[in-house]
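Enquirer: Please see the structure below; I have some questions.
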Amino acid sequence: MAAIAKYIKETDENAKVIFIGPCTAKKAEIQKESVKPYVDTTLTFEELQAMFDGRDIDITTLEEGVLDNASYFGRIFARCGGLSEAVAEGLKEQGFDNFELNPCSCDGIEACRAALLKKSKNLLDANFIEGMVCSGGCIGGAGCLTHGAKSKSDVDKYGNETMEKTISDAVALLR
């Protein structure tokens, strides 16, 4: 959130940046001095839905748009393992062929705690820890509209629908 918000603000000084997602932790993150200048506010999906409800807007009746400027790797961040895959692809695309990524994807807060404890005692040989505190990743976030079982395959299917297959292709559209 902070990195893309910084990019947006540096690209357009008049931009207003609102993070909308399932993560309630983003509410605390925007209070950090290093993030405050870049993110104007955050809303969870539940808060956004409440705003729609308050205005009697039924989003299911609106025409659906197409998000066509994200890579597969940008779309799979929401599920556990997605960030690790994106980091591996980013390293590959940037030509870091000599770096061997050995990720540890943690699904839920207990897995995060265990991985960090093992790493602190040199019992984990991972060189990248993807800590998804919510079960399943962001798709299991506290601010989601649905709280049932989430499917990694649904996220991957959405990722595969993108026109831009690489991170570089998606970034090129921003320029």
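Ligands are numbered from 1 in the order shown, chains are lettered A, B, ... in the order of the structure tokens, and residues start at 1 in each chain.
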I'd like the neighbourhood of Asp40 in chain A as number ranges by chain, where a residue qualifies if any of its atoms comes within 7 Å (using only C-alpha atoms), though same-chain residues fewer than 3 positions away should be ignored.
Expert: A: 16-18
Enquirer: Name the residues of range 5-132 of chain A that fall into alpha helix (DSSP H) according to DSSP on the backbone, using the chain letters and numbers of this document, as a ChimeraX atom specification.
Expert: /A:5-11,26-29,45-54,72-75,82-93,109-120
Enquirer: So, counting only C-alpha atoms, which residue among A:Ser135, A:Gln94, A:Ser153, A:Ser105 is closest to Gly81 in chain A?
Expert: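 Using only C-alpha atoms, Gly81 in chain A sits closest to A:Ser105.
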Enquirer: Nearest to Cys104 in chain A among A:Tyr7, A:Phe73, A:Tyr38, A:Phe128, with distances taken over only C-alpha atoms: which residue is it?
Expert: A:Phe128
Enquirer: Counting only C-alpha atoms, what is within 12 Å of Gln31 in chain A, bar same-chain residues fewer than 4 positions away, as a PyMOL selection string?
Expert: chain A and resi 2+25-27+35-42
Enquirer: Would you write out those residues with all heavy atoms, as an mmCIF file, in the first residue's frame?
Expert:
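Okay, part.cif is ready:
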```cif
data_model
loop_
_atom_site.group_PDB
_atom_site.id
_atom_site.type_symbol
_atom_site.label_atom_id
_atom_site.label_comp_id
_atom_site.auth_asym_id
_atom_site.auth_seq_id
_atom_site.Cartn_x
_atom_site.Cartn_y
_atom_site.Cartn_z
ATOM 1 N N ALA A 2 1.815 1.322 0.910
ATOM 2 C CA ALA A 2 2.625 2.527 1.054
ATOM 3 C C ALA A 2 3.489 2.787 -0.177
ATOM 4 O O ALA A 2 3.616 3.929 -0.617
ATOM 5 C CB ALA A 2 3.486 2.432 2.310
ATOM 6 N N ALA A 25 -5.544 -3.856 9.434
ATOM 7 C CA ALA A 25 -4.228 -3.396 9.898
ATOM 8 C C ALA A 25 -3.767 -2.154 9.145
ATOM 9 O O ALA A 25 -2.945 -1.388 9.653
ATOM 10 C CB ALA A 25 -3.196 -4.507 9.755
ATOM 11 N N LYS A 26 -4.293 -1.925 7.954
ATOM 12 C CA LYS A 26 -3.916 -0.736 7.177
ATOM 13 C C LYS A 26 -4.338 0.535 7.900
ATOM 14 O O LYS A 26 -3.750 1.591 7.706
ATOM 15 C CB LYS A 26 -4.532 -0.771 5.769
ATOM 16 C CG LYS A 26 -4.051 -1.930 4.925
ATOM 17 C CD LYS A 26 -2.569 -1.869 4.666
ATOM 18 C CE LYS A 26 -2.139 -2.999 3.756
ATOM 19 N NZ LYS A 26 -0.739 -3.310 3.873
ATOM 20 N N LYS A 27 -5.367 0.439 8.744
ATOM 21 C CA LYS A 27 -5.813 1.595 9.523
ATOM 22 C C LYS A 27 -4.696 2.087 10.453
ATOM 23 O O LYS A 27 -4.503 3.282 10.613
ATOM 24 C CB LYS A 27 -7.045 1.236 10.356
ATOM 25 C CG LYS A 27 -8.211 0.730 9.552
ATOM 26 C CD LYS A 27 -9.137 1.840 9.251
ATOM 27 C CE LYS A 27 -10.346 1.321 8.509
ATOM 28 N NZ LYS A 27 -10.929 2.378 7.726
ATOM 29 N N VAL A 35 4.291 6.733 6.334
ATOM 30 C CA VAL A 35 3.189 6.426 5.420
ATOM 31 C C VAL A 35 2.209 7.593 5.304
ATOM 32 O O VAL A 35 1.625 7.822 4.238
ATOM 33 C CB VAL A 35 2.450 5.142 5.880
ATOM 34 C CG1 VAL A 35 1.268 4.811 4.984
ATOM 35 C CG2 VAL A 35 3.420 3.969 5.929
ATOM 36 N N LYS A 36 2.043 8.358 6.380
ATOM 37 C CA LYS A 36 1.061 9.456 6.428
ATOM 38 C C LYS A 36 1.068 10.372 5.207
ATOM 39 O O LYS A 36 0.005 10.754 4.721
ATOM 40 C CB LYS A 36 1.294 10.314 7.675
ATOM 41 C CG LYS A 36 0.582 9.859 8.892
ATOM 42 C CD LYS A 36 0.804 10.855 10.019
ATOM 43 C CE LYS A 36 0.253 10.324 11.310
ATOM 44 N NZ LYS A 36 0.463 11.252 12.419
ATOM 45 N N PRO A 37 2.234 10.756 4.692
ATOM 46 C CA PRO A 37 2.218 11.689 3.554
ATOM 47 C C PRO A 37 1.645 11.103 2.265
ATOM 48 O O PRO A 37 1.321 11.850 1.340
ATOM 49 C CB PRO A 37 3.696 12.030 3.347
ATOM 50 C CG PRO A 37 4.411 11.568 4.562
ATOM 51 C CD PRO A 37 3.589 10.481 5.156
ATOM 52 N N TYR A 38 1.509 9.792 2.195
ATOM 53 C CA TYR A 38 1.167 9.160 0.930
ATOM 54 C C TYR A 38 -0.243 8.580 0.856
ATOM 55 O O TYR A 38 -0.805 8.470 -0.221
ATOM 56 C CB TYR A 38 2.188 8.056 0.614
ATOM 57 C CG TYR A 38 3.601 8.578 0.649
ATOM 58 C CD1 TYR A 38 4.495 8.166 1.618
ATOM 59 C CD2 TYR A 38 4.027 9.519 -0.281
ATOM 60 C CE1 TYR A 38 5.789 8.672 1.660
ATOM 61 C CE2 TYR A 38 5.319 10.028 -0.249
ATOM 62 C CZ TYR A 38 6.195 9.594 0.734
ATOM 63 O OH TYR A 38 7.465 10.107 0.772
ATOM 64 N N VAL A 39 -0.811 8.179 1.981
ATOM 65 C CA VAL A 39 -2.143 7.566 1.975
ATOM 66 C C VAL A 39 -3.088 8.488 2.741
ATOM 67 O O VAL A 39 -2.872 8.773 3.919
ATOM 68 C CB VAL A 39 -2.130 6.152 2.610
ATOM 69 C CG1 VAL A 39 -3.516 5.529 2.537
ATOM 70 C CG2 VAL A 39 -1.103 5.270 1.931
ATOM 71 N N ASP A 40 -4.138 8.941 2.054
ATOM 72 C CA ASP A 40 -5.069 9.875 2.677
ATOM 73 C C ASP A 40 -6.032 9.186 3.634
ATOM 74 O O ASP A 40 -6.351 9.729 4.682
ATOM 75 C CB ASP A 40 -5.835 10.642 1.590
ATOM 76 C CG ASP A 40 -4.881 11.509 0.784
ATOM 77 O OD1 ASP A 40 -4.314 12.454 1.351
ATOM 78 O OD2 ASP A 40 -4.675 11.213 -0.412
ATOM 79 N N THR A 41 -6.488 8.006 3.278
ATOM 80 C CA THR A 41 -7.368 7.248 4.175
ATOM 81 C C THR A 41 -7.442 5.792 3.713
ATOM 82 O O THR A 41 -6.992 5.461 2.620
ATOM 83 C CB THR A 41 -8.783 7.870 4.261
ATOM 84 O OG1 THR A 41 -9.468 7.323 5.383
ATOM 85 C CG2 THR A 41 -9.578 7.635 2.994
ATOM 86 N N THR A 42 -7.994 4.964 4.571
ATOM 87 C CA THR A 42 -8.221 3.557 4.222
ATOM 88 C C THR A 42 -9.679 3.210 4.515
ATOM 89 O O THR A 42 -10.286 3.754 5.438
ATOM 90 C CB THR A 42 -7.323 2.595 5.035
ATOM 91 O OG1 THR A 42 -7.644 2.710 6.411
ATOM 92 C CG2 THR A 42 -5.852 2.892 4.817
#
```
